[in-house]
$ cat target09.txt   # compact mmCIF, C-alpha atoms and all ligand atoms
# COMPACT_ATOMS: atom_id res chain seq x y z
CA MET A 87 80.74 119.95 22.68
CA ASP A 88 78.68 117.60 20.53
CA GLN A 89 77.22 115.14 23.06
CA SER A 90 76.40 112.58 20.36
CA LEU A 91 80.13 111.90 19.96
CA SER A 92 82.00 109.45 22.17
CA LYS A 93 83.93 110.97 25.09
CA LEU A 94 87.19 110.39 23.23
CA GLU A 95 85.85 112.08 20.09
CA GLN A 96 84.64 115.00 22.21
CA PHE A 97 88.10 115.32 23.76
CA LEU A 98 89.82 115.20 20.36
CA SER A 99 87.42 117.75 19.02
CA ALA A 100 88.21 120.08 21.97
CA PHE A 101 91.90 119.61 21.13
CA ARG A 102 91.32 120.44 17.43
CA GLU A 103 89.20 123.47 18.29
CA ALA A 104 91.83 124.85 20.68
CA VAL A 105 94.54 124.45 18.01
CA ALA A 106 92.36 126.02 15.31
CA ALA A 107 91.34 128.95 17.54
CA GLY A 108 94.93 129.54 18.68
CA THR A 109 93.90 129.11 22.32
CA LEU A 110 95.88 125.94 23.05
CA VAL A 111 98.46 126.52 25.77
CA ARG A 112 99.50 122.88 26.05
CA ALA A 113 98.20 119.34 26.06
CA THR A 114 99.44 116.28 27.88
CA LEU A 115 98.97 112.51 27.80
CA ARG A 116 99.39 110.62 31.04
CA MET A 117 98.81 107.18 32.58
CA PRO A 118 100.52 105.02 29.93
CA THR A 119 99.31 101.48 29.24
CA LYS A 120 101.47 98.53 28.20
CA GLU A 121 100.77 99.58 24.62
CA SER A 122 102.42 102.99 24.96
CA GLY A 123 105.61 101.74 23.27
CA GLY A 124 107.69 102.56 26.35
CA LEU A 125 106.46 106.15 26.60
CA THR A 126 105.72 107.37 30.11
CA GLY A 127 104.09 110.67 29.12
CA VAL A 128 103.72 113.16 26.28
CA ASP A 129 103.70 116.97 26.40
CA ILE A 130 102.44 118.95 23.44
CA ARG A 131 102.67 122.67 22.70
CA PRO A 132 102.06 124.84 19.64
CA VAL A 133 105.29 125.82 17.89
CA ALA A 134 105.64 128.42 15.13
CA LEU A 135 108.23 127.30 12.59
CA LYS A 136 109.20 128.82 9.25
CA SER A 137 107.17 126.07 7.62
CA GLY A 138 104.06 127.09 9.60
CA LEU A 139 102.35 126.21 12.84
CA LYS A 140 103.26 122.78 14.20
CA LEU A 141 102.62 120.92 17.38
CA GLY A 142 105.80 120.23 19.32
CA PHE A 143 105.71 116.85 21.06
CA VAL A 144 108.05 115.95 23.92
CA LEU A 145 107.97 112.17 24.26
CA HIS A 146 109.08 110.98 27.69
CA THR A 147 110.47 107.50 28.30
CA LYS A 148 112.03 106.10 31.45
CA THR A 149 115.48 107.07 30.31
CA GLN A 150 115.19 109.96 27.89
CA ASP A 151 113.05 112.63 26.30
CA ARG A 152 112.62 112.99 22.53
CA GLN A 153 111.24 115.96 20.66
CA GLU A 154 109.19 115.90 17.45
CA ASN A 155 107.24 118.57 15.58
CA LEU A 156 104.13 117.43 13.72
CA ASP A 157 101.58 119.05 11.43
CA ALA A 158 98.23 119.52 13.11
CA ASP A 159 96.50 116.65 11.26
CA ALA A 160 99.29 114.20 12.01
CA ALA A 161 99.23 115.39 15.62
CA PHE A 162 95.47 114.81 15.95
CA ASP A 163 95.82 111.30 14.49
CA ARG A 164 98.70 110.54 16.83
CA VAL A 165 96.87 111.75 19.93
CA GLY A 166 93.70 109.88 18.93
CA ALA A 167 95.64 106.65 18.43
CA TRP A 168 97.48 107.02 21.72
CA LEU A 169 94.32 107.69 23.70
CA ALA A 170 92.67 104.68 22.06
CA VAL A 171 95.36 102.31 23.33
CA GLY A 172 98.55 103.86 24.72
CA PHE A 173 97.40 106.34 27.38
CA ARG A 174 94.43 106.52 29.72
CA GLN A 175 94.44 110.25 30.38
CA GLY A 176 94.59 113.29 28.15
CA PHE A 177 94.47 116.97 29.10
CA VAL A 178 93.97 120.04 26.97
CA PHE A 179 94.85 123.34 28.62
CA ALA A 180 93.48 126.24 26.63
CA THR A 181 92.92 129.86 27.53
CA ASP A 182 89.15 129.37 27.69
CA ALA A 183 88.94 125.98 29.43
CA ASP A 184 90.75 122.90 30.66
CA VAL A 185 89.38 119.68 29.17
CA SER A 186 90.35 116.30 30.54
CA TYR A 187 89.69 112.79 29.28
CA ASP A 188 90.07 109.91 31.72
CA ALA A 189 89.60 106.30 30.65
CA GLN A 190 90.55 104.79 34.00
CA GLY A 191 87.92 102.87 35.93
CA LYS A 192 84.33 102.37 34.75
CA GLY A 193 83.77 104.08 31.42
CA PRO A 194 85.64 107.09 30.08
CA LYS A 195 84.98 110.47 31.67
CA LEU A 196 85.24 113.89 30.13
CA LYS A 197 85.49 117.07 32.20
CA ARG A 198 85.51 120.70 31.23
CA ALA A 199 86.75 123.16 33.85
CA ALA A 200 87.81 126.79 34.16
CA PRO A 201 91.24 127.40 32.59
CA SER A 202 94.13 126.78 34.98
CA SER A 203 96.69 128.43 32.70
CA LYS A 204 96.38 132.11 33.25
CA ALA A 205 98.98 132.95 30.62
CA GLY A 206 97.99 132.90 26.96
CA PRO A 207 99.50 130.44 24.51
CA VAL A 208 103.19 130.99 23.89
CA LEU A 209 104.19 130.25 20.33
CA GLY A 210 107.72 128.94 20.62
CA HIS A 211 109.92 129.17 17.55
CA ASP A 212 112.07 126.50 19.05
CA ARG A 213 112.60 124.97 22.42
CA GLU A 214 114.82 127.82 23.64
CA LYS A 215 112.22 130.49 22.98
CA HIS A 216 109.39 128.44 24.29
CA ARG A 217 109.90 129.10 27.95
CA PRO A 218 108.03 127.91 30.99
CA VAL A 219 109.67 130.83 32.82
CA PRO A 220 109.23 133.93 30.66
CA ALA A 221 111.81 136.69 30.89
CA ASP A 222 109.21 139.28 31.88
CA ARG A 223 108.80 138.02 35.43
CA PRO A 224 109.57 140.89 37.86
CA TRP A 225 111.48 138.67 40.29
CA LEU A 226 113.98 137.83 37.53
CA GLN A 227 114.88 141.50 37.41
CA ALA A 228 115.07 141.76 41.21
CA LEU A 229 117.47 138.78 41.24
CA GLY A 230 119.66 140.34 38.55
CA VAL A 231 118.79 137.93 35.72
CA THR A 232 117.03 140.48 33.50
CA ASP A 233 117.32 144.22 32.96
CA ASP A 234 114.55 146.79 33.33
CA LYS A 235 113.30 145.99 29.80
CA GLY A 236 112.91 142.32 30.65
CA GLU A 237 115.95 141.33 28.57
CA VAL A 238 118.10 138.54 29.94
CA LEU A 239 121.53 139.85 30.92
CA LYS A 240 124.40 138.23 29.07
CA SER A 241 126.00 137.16 32.32
CA ALA A 242 122.80 135.38 33.42
CA GLY A 243 121.95 133.64 30.13
CA ASP A 244 123.17 130.20 31.22
CA LYS A 245 121.29 130.31 34.51
CA PHE A 246 118.14 131.48 32.71
CA ARG A 247 118.37 128.52 30.32
CA GLN A 248 119.04 126.10 33.19
CA ILE A 249 116.01 127.12 35.22
CA ASN A 250 113.77 127.01 32.17
CA ARG A 251 114.88 123.55 31.21
CA TYR A 252 114.72 122.39 34.81
CA VAL A 253 111.12 123.58 35.13
CA GLU A 254 110.26 122.02 31.77
CA LEU A 255 111.49 118.65 33.01
CA LEU A 256 109.87 119.12 36.42
CA ALA A 257 106.48 120.09 34.94
CA PRO A 258 105.15 116.51 34.47
CA VAL A 259 106.11 115.77 38.10
CA LEU A 260 104.28 118.87 39.36
CA GLU A 261 101.24 118.11 37.23
CA SER A 262 101.02 114.59 38.60
CA LEU A 263 100.80 115.77 42.24
CA PRO A 264 97.40 114.94 43.66
CA ALA A 265 94.86 117.73 43.82
CA GLY A 266 93.33 118.55 47.19
CA LYS A 267 96.60 119.02 49.05
CA VAL A 268 98.95 121.98 48.89
CA PRO A 269 102.15 120.33 47.67
CA LYS A 270 105.41 121.03 49.46
CA ILE A 271 108.46 121.48 47.26
CA VAL A 272 111.89 121.92 48.84
CA ASP A 273 114.88 123.33 46.93
CA MET A 274 118.14 122.38 48.63
CA GLY A 275 121.14 124.69 48.25
CA ALA A 276 118.90 127.36 46.78
CA GLY A 277 121.63 130.00 46.38
CA LYS A 278 120.06 133.18 45.03
CA GLY A 279 116.80 131.31 44.53
CA TYR A 280 116.57 131.36 40.74
CA LEU A 281 115.15 127.86 40.52
CA THR A 282 113.09 128.18 43.70
CA PHE A 283 111.35 131.28 42.34
CA ALA A 284 110.93 129.66 38.93
CA VAL A 285 109.15 126.63 40.41
CA ALA A 286 106.90 128.68 42.71
CA ASP A 287 106.03 131.03 39.86
CA TYR A 288 105.34 128.17 37.42
CA ALA A 289 103.10 126.34 39.88
CA ALA A 290 101.03 129.47 40.51
CA ARG A 291 100.94 130.90 36.99
CA GLU A 292 100.87 127.88 34.69
CA LEU A 293 99.30 125.24 36.91
CA GLY A 294 97.11 127.57 38.92
CA ARG A 295 98.14 125.76 42.10
CA ASP A 296 98.93 126.93 45.58
CA ALA A 297 102.23 125.35 46.57
CA GLN A 298 104.50 125.64 49.57
CA VAL A 299 107.96 126.15 48.10
CA VAL A 300 110.92 126.31 50.47
CA GLY A 301 114.49 127.23 49.58
CA VAL A 302 117.19 126.00 51.96
CA GLU A 303 120.51 127.82 51.83
CA PHE A 304 123.27 128.29 54.36
CA ARG A 305 124.06 131.86 53.30
CA ARG A 306 121.76 134.00 55.42
CA ASP A 307 122.38 137.10 53.27
CA LEU A 308 120.89 135.21 50.30
CA THR A 309 117.86 133.88 52.19
CA GLU A 310 117.11 137.41 53.45
CA LEU A 311 117.37 138.85 49.96
CA CYS A 312 115.20 136.07 48.50
CA ASN A 313 112.50 136.49 51.18
CA ARG A 314 112.33 140.20 50.40
CA VAL A 315 112.00 139.58 46.66
CA ALA A 316 109.39 136.82 47.22
CA GLY A 317 107.31 139.21 49.35
CA ALA A 318 107.51 141.95 46.71
CA ALA A 319 106.58 139.46 43.95
CA GLY A 320 103.49 138.36 45.87
CA LEU A 321 104.55 134.72 45.78
CA ASP A 322 102.81 133.78 49.01
CA GLY A 323 103.81 130.15 49.40
CA LEU A 324 107.50 130.84 48.74
CA SER A 325 110.00 131.18 51.59
CA PHE A 326 113.71 130.76 52.20
CA VAL A 327 115.28 129.40 55.36
CA PRO A 328 118.91 129.77 56.37
CA GLY A 329 120.76 126.62 57.43
CA THR A 330 122.38 123.47 56.18
CA ILE A 331 120.63 120.84 54.13
CA ALA A 332 121.66 118.18 56.64
CA ASP A 333 119.94 120.06 59.50
CA HIS A 334 116.80 120.92 57.57
CA ASP A 335 113.63 119.10 58.50
CA ALA A 336 112.08 118.23 55.14
CA THR A 337 109.20 116.24 56.60
CA GLY A 338 106.16 116.36 54.35
CA ALA A 339 108.12 117.28 51.22
CA ASP A 340 106.35 115.99 48.11
CA VAL A 341 109.10 117.05 45.74
CA LEU A 342 112.75 117.57 46.54
CA ILE A 343 114.88 119.52 44.07
CA ALA A 344 118.51 120.67 44.00
CA LEU A 345 120.35 122.48 41.22
CA HIS A 346 124.11 122.27 41.51
CA ALA A 347 124.23 121.69 45.26
CA CYS A 348 127.98 121.30 45.72
CA ASP A 349 129.56 117.83 45.98
CA THR A 350 128.01 115.86 48.87
CA ALA A 351 125.34 118.54 49.44
CA THR A 352 123.51 116.72 46.61
CA ASP A 353 123.71 113.51 48.69
CA ASP A 354 122.34 115.38 51.70
CA ALA A 355 119.50 116.59 49.50
CA ILE A 356 118.74 113.12 48.11
CA GLY A 357 118.89 111.68 51.64
CA LYS A 358 116.34 114.25 52.86
CA GLY A 359 114.04 113.42 49.97
CA ILE A 360 114.25 109.68 50.67
CA ALA A 361 113.66 110.20 54.41
CA ALA A 362 110.63 112.38 53.68
CA GLY A 363 109.27 109.73 51.29
CA ALA A 364 109.04 112.44 48.63
CA ARG A 365 107.10 111.46 45.50
CA ALA A 366 109.88 112.87 43.38
CA ILE A 367 113.52 113.79 43.85
CA VAL A 368 115.00 115.79 40.99
CA VAL A 369 118.64 116.81 41.25
CA ALA A 370 121.25 118.24 38.89
CA PRO A 371 124.49 117.42 40.74
CA CYS A 372 127.64 119.49 40.91
CA CYS A 373 131.37 118.73 41.50
CA HIS A 374 131.94 115.09 42.46
CA LYS A 375 134.91 115.51 44.77
CA GLN A 376 134.10 112.90 47.40
CA ILE A 377 134.14 109.94 45.00
CA ARG A 378 137.02 111.43 43.03
CA ARG A 379 139.12 111.41 46.20
CA GLU A 380 138.11 107.80 46.90
CA MET A 381 139.00 106.73 43.37
CA GLU A 382 142.27 108.62 43.50
CA ALA A 383 143.23 106.86 46.71
CA ALA A 384 142.47 103.48 45.10
CA ASN A 385 144.12 104.33 41.81
CA ILE A 386 147.27 102.29 42.09
CA GLU A 387 145.37 99.11 42.92
CA SER A 388 142.51 99.55 40.50
CA PRO A 389 142.42 97.76 37.13
CA LEU A 390 141.10 101.07 35.80
CA GLU A 391 144.33 102.84 36.70
CA PHE A 392 145.32 103.02 33.00
CA ALA A 393 142.44 105.45 32.47
CA THR A 394 142.02 107.18 35.79
CA ARG A 395 145.67 108.27 36.08
CA HIS A 396 144.72 111.05 33.66
CA GLY A 397 143.05 113.88 35.59
CA ILE A 398 140.38 114.57 33.00
CA PHE A 399 139.36 110.92 32.69
CA LEU A 400 139.35 110.53 36.46
CA GLU A 401 137.09 113.54 36.79
CA ARG A 402 134.62 112.27 34.19
CA GLN A 403 134.69 108.78 35.63
CA ALA A 404 134.13 110.12 39.15
CA GLU A 405 131.14 112.10 37.96
CA MET A 406 129.57 109.11 36.25
CA VAL A 407 130.29 106.70 39.09
CA THR A 408 129.00 109.10 41.76
CA ASP A 409 125.72 109.68 39.97
CA ALA A 410 125.22 106.09 38.80
CA MET A 411 125.67 104.94 42.40
CA ARG A 412 123.16 107.57 43.53
CA VAL A 413 120.71 106.01 41.09
CA LEU A 414 121.26 102.60 42.71
CA VAL A 415 120.56 103.99 46.19
CA LEU A 416 117.39 105.65 44.92
CA GLU A 417 116.31 102.39 43.25
CA HIS A 418 116.96 100.54 46.50
CA PHE A 419 114.53 102.92 48.20
CA GLY A 420 111.80 102.35 45.61
CA TYR A 421 112.42 105.15 43.13
CA GLU A 422 112.44 104.79 39.37
CA VAL A 423 115.20 106.99 38.04
CA LYS A 424 115.77 108.69 34.72
CA ALA A 425 119.24 110.14 34.09
CA VAL A 426 119.13 112.84 31.42
CA GLU A 427 121.36 115.54 29.98
CA PHE A 428 119.21 118.45 30.99
CA ILE A 429 121.01 121.20 29.11
CA SER A 430 123.65 121.36 26.41
CA ASP A 431 127.22 121.15 27.70
CA GLN A 432 127.81 124.34 25.74
CA HIS A 433 126.09 126.11 28.64
CA THR A 434 127.41 124.12 31.59
CA PRO A 435 129.43 120.92 31.99
CA LYS A 436 127.25 120.17 35.05
CA ASN A 437 124.42 119.04 32.86
CA VAL A 438 123.26 115.70 34.23
CA MET A 439 119.90 115.49 35.91
CA LEU A 440 118.49 112.60 37.91
CA ILE A 441 114.70 112.46 37.92
CA ALA A 442 113.56 109.97 40.56
CA THR A 443 109.90 109.09 41.01
CA LYS A 444 108.65 107.01 43.92
CA ARG A 445 107.17 103.77 42.63
CA GLY A 446 106.84 101.55 45.69
CA LEU A 447 108.97 98.58 46.60
CA GLY A 448 112.70 98.95 46.25
CA ASP A 449 114.83 97.12 43.70
CA LYS A 450 116.23 94.13 45.59
CA ARG A 451 119.35 93.92 43.43
CA ALA A 452 120.31 97.59 43.64
CA LEU A 453 122.36 97.28 46.82
CA GLU A 454 124.23 94.28 45.45
CA LYS A 455 125.15 96.32 42.36
CA PHE A 456 126.12 99.26 44.58
CA ARG A 457 128.54 97.08 46.55
CA ALA A 458 129.99 95.61 43.36
CA ALA A 459 130.59 99.13 42.03
CA LYS A 460 132.43 100.05 45.20
CA ALA A 461 134.69 97.04 44.81
CA VAL A 462 135.44 97.76 41.14
CA PHE A 463 136.37 101.39 41.75
CA GLY A 464 138.04 100.89 45.12
CA ILE A 465 135.51 103.11 46.88
CA ARG A 466 135.40 102.65 50.63
CA LYS A 467 132.34 104.77 51.17
CA HIS A 468 129.88 106.72 49.06
CA TYR A 469 128.64 109.63 51.16
CA LEU A 470 125.02 108.82 50.24
CA GLU A 471 125.41 105.49 52.08
CA THR A 472 126.17 107.36 55.27
CA VAL A 473 123.32 109.81 54.80
CA THR A 474 120.76 107.09 54.16
CA GLY A 475 122.01 104.76 56.89
CA LEU A 476 123.10 102.06 54.44
CA GLY A 477 126.69 101.94 55.61
C1 LIG A 501 126.40 126.32 43.04
S1 LIG A 501 125.26 127.11 44.06
C2 LIG A 501 123.74 126.76 43.26
C3 LIG A 501 122.64 127.65 43.72
C4 LIG A 501 121.28 127.45 43.06
N1 LIG A 501 120.73 126.15 43.32
C5 LIG A 501 121.38 127.71 41.58
O1 LIG A 501 121.52 126.78 40.82
O2 LIG A 501 121.35 128.87 41.20
C6 LIG A 501 125.20 126.04 45.47
C7 LIG A 501 124.54 126.70 46.66
O3 LIG A 501 124.33 125.71 47.65
C8 LIG A 501 124.70 126.23 48.92
N2 LIG A 501 125.08 125.07 49.71
C9 LIG A 501 126.11 124.22 49.47
N3 LIG A 501 126.17 123.25 50.39
C10 LIG A 501 125.14 123.49 51.24
C11 LIG A 501 124.66 122.84 52.39
N4 LIG A 501 125.27 121.72 52.82
N5 LIG A 501 123.59 123.34 53.03
C12 LIG A 501 122.98 124.47 52.58
N6 LIG A 501 123.39 125.14 51.48
C13 LIG A 501 124.44 124.66 50.81
C14 LIG A 501 125.81 127.22 48.63
O4 LIG A 501 125.91 128.21 49.63
C15 LIG A 501 125.39 127.78 47.30
O5 LIG A 501 124.62 128.94 47.46

$ encode --input "target09.txt" --output "structure tokens" --more "lines below"
Ligand SMILES: C[S@@+](CC[C@H](N)C(=O)[O-])C[C@H]1O[C@@H](n2cnc3c(N)ncnc32)[C@H](O)[C@@H]1O
Amino acid sequence: MDQSLSKLEQFLSAFREAVAAGTLVRATLRMPTKESGGLTGVDIRPVALKSGLKLGFVLHTKTQDRQENLDADAAFDRVGAWLAVGFRQGFVFATDADVSYDAQGKGPKLKRAAPSSKAGPVLGHDREKHRPVPADRPWLQALGVTDDKGEVLKSAGDKFRQINRYVELLAPVLESLPAGKVPKIVDMGAGKGYLTFAVADYAARELGRDAQVVGVEFRRDLTELCNRVAGAAGLDGLSFVPGTIADHDATGADVLIALHACDTATDDAIGKGIAAGARAIVVAPCCHKQIRREMEAANIESPLEFATRHGIFLERQAEMVTDAMRVLVLEHFGYEVKAVEFISDQHTPKNVMLIATKRGLGDKRALEKFRAAKAVFGIRKHYLETVTGLG
């Protein structure tokens, strides 16, 4: 690096060089300032399109993610401008080195370290092909997701997409975990462990981090199978324990995840994350029967009866109300929550994801809003209240 340049110029030049040499795996911008235009983070990867090589930007805000593809020059200008005012940290992960720029504290710092991404750059043609969990992972075959040629089986295509997208959305959370401690990640209602494996594998392979990843699942046959596959895959920190979510001791969990944990099992999972003081709770809920039953019971009285007397509307309403009330409980306990559609409804109707990040003091008005929602929808009890001791 040319030491006569400012630290920011040196960082941008490392970014340009990695793009030009084809060694860029990914780049990220973190620690937004008030001038970030509402962005909370940016992830950048090389993308090969028909029109040539571009840089694919995923722009994160509190409530949604937006994707944009830019030519290299426009991308360099954009990153330079953001690091001048909008973000305090930038990272370039290339196959030959990791370079970080940090403008927090006294004077900007620039660090060059050994590459943490062991895999080479993946040139995605589009978001679907650009996968944080590549199909060639041996454990995918052992779990029946891919065949012996590493092709995704037709029957497992939706699950493969879900875990990839889940890990993509979880990546900024995992990257933000402090170094110097082995993070503990707990997957509640792990099933056959697809997501649990994907997260453990991503942390080791892409982030170069040791992580303790635990899958909790009440079907013992599945936990035994998953432990065997984890051992064979050499994923040391990964283990599966049989038992219920409610009985699991999640103390020390830094990140709590759950993909399609049935009905109130998602509430149990959220409750465990809150009790553990997890830095992040990321759940994609499944069937919303508990609140549906409550709303059904209240139907005759409710002013919303004109809509909820139709089964399909009731179901959609119950889903929205259940999850929106979960958001309020999380906000009450000091989490900032993003609700996103994590995968197209073409692949699953259960496509809402709540990404909750611990921010500190709780929102004082959240409980008030929660109680008002109960009154409007005639809900006597939301199961998450019980789990978290709120009612
Ligand atoms: C729909 S599957 C999803 C599995 C996995 N997360 C995935 O997406 O592939 C839900 C899983 O959660 C488990 N489960 C449901 N409620 C549970 C509970 N209260 N405690 C432990 N496991 C539970 C079920 O046995 C099932 O394997």

$ residues_near_ligand --input "target09.txt" --ligand "ligand LIG 501 (chain A)" --cutoff "10 Å" --atoms "all atoms listed in the file" --output "PyMOL selection string"
chain A and resi 245-246+248-249+273-282+301-306+308-309+327-334+343-355+369-373

$ write_last_selection --input "target09.txt" --atoms "C-alpha atoms" --output "mmCIF file, in the coordinates of the input"
data_model
loop_
_atom_site.group_PDB
_atom_site.id
_atom_site.type_symbol
_atom_site.label_atom_id
_atom_site.label_comp_id
_atom_site.auth_asym_id
_atom_site.auth_seq_id
_atom_site.Cartn_x
_atom_site.Cartn_y
_atom_site.Cartn_z
ATOM 1 C CA LYS A 245 121.290 130.310 34.510
ATOM 2 C CA PHE A 246 118.140 131.480 32.710
ATOM 3 C CA GLN A 248 119.040 126.100 33.190
ATOM 4 C CA ILE A 249 116.010 127.120 35.220
ATOM 5 C CA ASP A 273 114.880 123.330 46.930
ATOM 6 C CA MET A 274 118.140 122.380 48.630
ATOM 7 C CA GLY A 275 121.140 124.690 48.250
ATOM 8 C CA ALA A 276 118.900 127.360 46.780
ATOM 9 C CA GLY A 277 121.630 130.000 46.380
ATOM 10 C CA LYS A 278 120.060 133.180 45.030
ATOM 11 C CA GLY A 279 116.800 131.310 44.530
ATOM 12 C CA TYR A 280 116.570 131.360 40.740
ATOM 13 C CA LEU A 281 115.150 127.860 40.520
ATOM 14 C CA THR A 282 113.090 128.180 43.700
ATOM 15 C CA GLY A 301 114.490 127.230 49.580
ATOM 16 C CA VAL A 302 117.190 126.000 51.960
ATOM 17 C CA GLU A 303 120.510 127.820 51.830
ATOM 18 C CA PHE A 304 123.270 128.290 54.360
ATOM 19 C CA ARG A 305 124.060 131.860 53.300
ATOM 20 C CA ARG A 306 121.760 134.000 55.420
ATOM 21 C CA LEU A 308 120.890 135.210 50.300
ATOM 22 C CA THR A 309 117.860 133.880 52.190
ATOM 23 C CA VAL A 327 115.280 129.400 55.360
ATOM 24 C CA PRO A 328 118.910 129.770 56.370
ATOM 25 C CA GLY A 329 120.760 126.620 57.430
ATOM 26 C CA THR A 330 122.380 123.470 56.180
ATOM 27 C CA ILE A 331 120.630 120.840 54.130
ATOM 28 C CA ALA A 332 121.660 118.180 56.640
ATOM 29 C CA ASP A 333 119.940 120.060 59.500
ATOM 30 C CA HIS A 334 116.800 120.920 57.570
ATOM 31 C CA ILE A 343 114.880 119.520 44.070
ATOM 32 C CA ALA A 344 118.510 120.670 44.000
ATOM 33 C CA LEU A 345 120.350 122.480 41.220
ATOM 34 C CA HIS A 346 124.110 122.270 41.510
ATOM 35 C CA ALA A 347 124.230 121.690 45.260
ATOM 36 C CA CYS A 348 127.980 121.300 45.720
ATOM 37 C CA ASP A 349 129.560 117.830 45.980
ATOM 38 C CA THR A 350 128.010 115.860 48.870
ATOM 39 C CA ALA A 351 125.340 118.540 49.440
ATOM 40 C CA THR A 352 123.510 116.720 46.610
ATOM 41 C CA ASP A 353 123.710 113.510 48.690
ATOM 42 C CA ASP A 354 122.340 115.380 51.700
ATOM 43 C CA ALA A 355 119.500 116.590 49.500
ATOM 44 C CA VAL A 369 118.640 116.810 41.250
ATOM 45 C CA ALA A 370 121.250 118.240 38.890
ATOM 46 C CA PRO A 371 124.490 117.420 40.740
ATOM 47 C CA CYS A 372 127.640 119.490 40.910
ATOM 48 C CA CYS A 373 131.370 118.730 41.500
#

$ closest_residue --input "target09.txt" --among "A:Ala107, A:Ile130, A:Ala113, A:Ile441" --to "Tyr252 in chain A" --atoms "only C-alpha atoms"
A:Ile441

$ closest_residue --input "target09.txt" --among "A:Thr474, A:Ser241, A:Ser202, A:Thr149" --to "Asp184 in chain A" --atoms "all atoms listed in the file"
A:Ser202

$ residues_around --input "target09.txt" --residues "Ile465 in chain A" --least-positions-apart "4" --cutoff "12 Å" --atoms "only C-alpha atoms" --output "compact mmCIF listing (two decimals) with C-alpha atoms, in the coordinates of the input"
# COMPACT_ATOMS: atom_id res chain seq x y z
CA GLN A 376 134.10 112.90 47.40
CA ILE A 377 134.14 109.94 45.00
CA ARG A 378 137.02 111.43 43.03
CA ARG A 379 139.12 111.41 46.20
CA GLU A 380 138.11 107.80 46.90
CA MET A 381 139.00 106.73 43.37
CA GLU A 382 142.27 108.62 43.50
CA ALA A 383 143.23 106.86 46.71
CA ALA A 384 142.47 103.48 45.10
CA ASN A 385 144.12 104.33 41.81
CA GLU A 387 145.37 99.11 42.92
CA SER A 388 142.51 99.55 40.50
CA ALA A 404 134.13 110.12 39.15
CA VAL A 407 130.29 106.70 39.09
CA THR A 408 129.00 109.10 41.76
CA MET A 411 125.67 104.94 42.40
CA PHE A 456 126.12 99.26 44.58
CA ARG A 457 128.54 97.08 46.55
CA ALA A 458 129.99 95.61 43.36
CA ALA A 459 130.59 99.13 42.03
CA LYS A 460 132.43 100.05 45.20
CA ALA A 461 134.69 97.04 44.81
CA TYR A 469 128.64 109.63 51.16
CA GLU A 471 125.41 105.49 52.08

$ atom_distance --input "target09.txt" --atom1 "CA of Gly142 in chain A" --atom2 "CA of Leu255 in chain A"
14.9 Å

$ closest_residue --input "target09.txt" --among "A:Thr119, A:Asn313, A:Ser90, A:Thr443" --to "Leu229 in chain A" --atoms "only C-alpha atoms"
A:Asn313

$ closest_residue --input "target09.txt" --among "A:Lys270, A:Arg174, A:Arg295, A:Lys467" --to "Gly193 in chain A" --atoms "all atoms listed in the file"
A:Arg174

$ atom_distance --input "target09.txt" --atom1 "CA of Gly446 in chain A" --atom2 "CA of Gly420 in chain A"
5.0 Å

$ residues_around --input "target09.txt" --residues "Lys450 in chain A" --least-positions-apart "5" --cutoff "10 Å" --atoms "all atoms listed in the file" --output "list in words"
Glu417, His418, Phe419, Gly420 and Lys455 of chain A

$ atom_distance --input "target09.txt" --atom1 "CA of Ala316 in chain A" --atom2 "CA of Trp225 in chain A"
7.5 Å

$ residues_around --input "target09.txt" --residues "Gly166 in chain A" --least-positions-apart "4" --cutoff "8 Å" --atoms "all atoms listed in the file" --output "PyMOL selection string"
chain A and resi 94+98+162+170

$ closest_residue --input "target09.txt" --among "A:Pro201, A:Gly243, A:Pro218, A:Pro258" --to "Thr114 in chain A" --atoms "only C-alpha atoms"
A:Pro258

$ residues_around --input "target09.txt" --residues "Phe173 in chain A" --least-positions-apart "5" --cutoff "10 Å" --atoms "only C-alpha atoms" --output "PDB file with C-alpha atoms, keeping the file's coordinate frame"
ATOM      1  CA  LEU A 115      98.970 112.510  27.800  1.00  0.00           C
ATOM      2  CA  ARG A 116      99.390 110.620  31.040  1.00  0.00           C
ATOM      3  CA  MET A 117      98.810 107.180  32.580  1.00  0.00           C
ATOM      4  CA  PRO A 118     100.520 105.020  29.930  1.00  0.00           C
ATOM      5  CA  THR A 119      99.310 101.480  29.240  1.00  0.00           C
ATOM      6  CA  LYS A 120     101.470  98.530  28.200  1.00  0.00           C
ATOM      7  CA  GLU A 121     100.770  99.580  24.620  1.00  0.00           C
ATOM      8  CA  SER A 122     102.420 102.990  24.960  1.00  0.00           C
ATOM      9  CA  LEU A 125     106.460 106.150  26.600  1.00  0.00           C
ATOM     10  CA  THR A 126     105.720 107.370  30.110  1.00  0.00           C
ATOM     11  CA  GLY A 127     104.090 110.670  29.120  1.00  0.00           C
ATOM     12  CA  VAL A 128     103.720 113.160  26.280  1.00  0.00           C
ATOM     13  CA  VAL A 165      96.870 111.750  19.930  1.00  0.00           C
ATOM     14  CA  GLY A 166      93.700 109.880  18.930  1.00  0.00           C
ATOM     15  CA  ALA A 167      95.640 106.650  18.430  1.00  0.00           C
ATOM     16  CA  TRP A 168      97.480 107.020  21.720  1.00  0.00           C
ATOM     17  CA  ASP A 188      90.070 109.910  31.720  1.00  0.00           C
ATOM     18  CA  ALA A 189      89.600 106.300  30.650  1.00  0.00           C
ATOM     19  CA  GLN A 190      90.550 104.790  34.000  1.00  0.00           C
TER      20      GLN A 190
END

$ closest_residue --input "target09.txt" --among "A:Arg131, A:Arg251, A:Lys444, A:Arg291" --to "Leu416 in chain A" --atoms "all atoms listed in the file"
A:Lys444
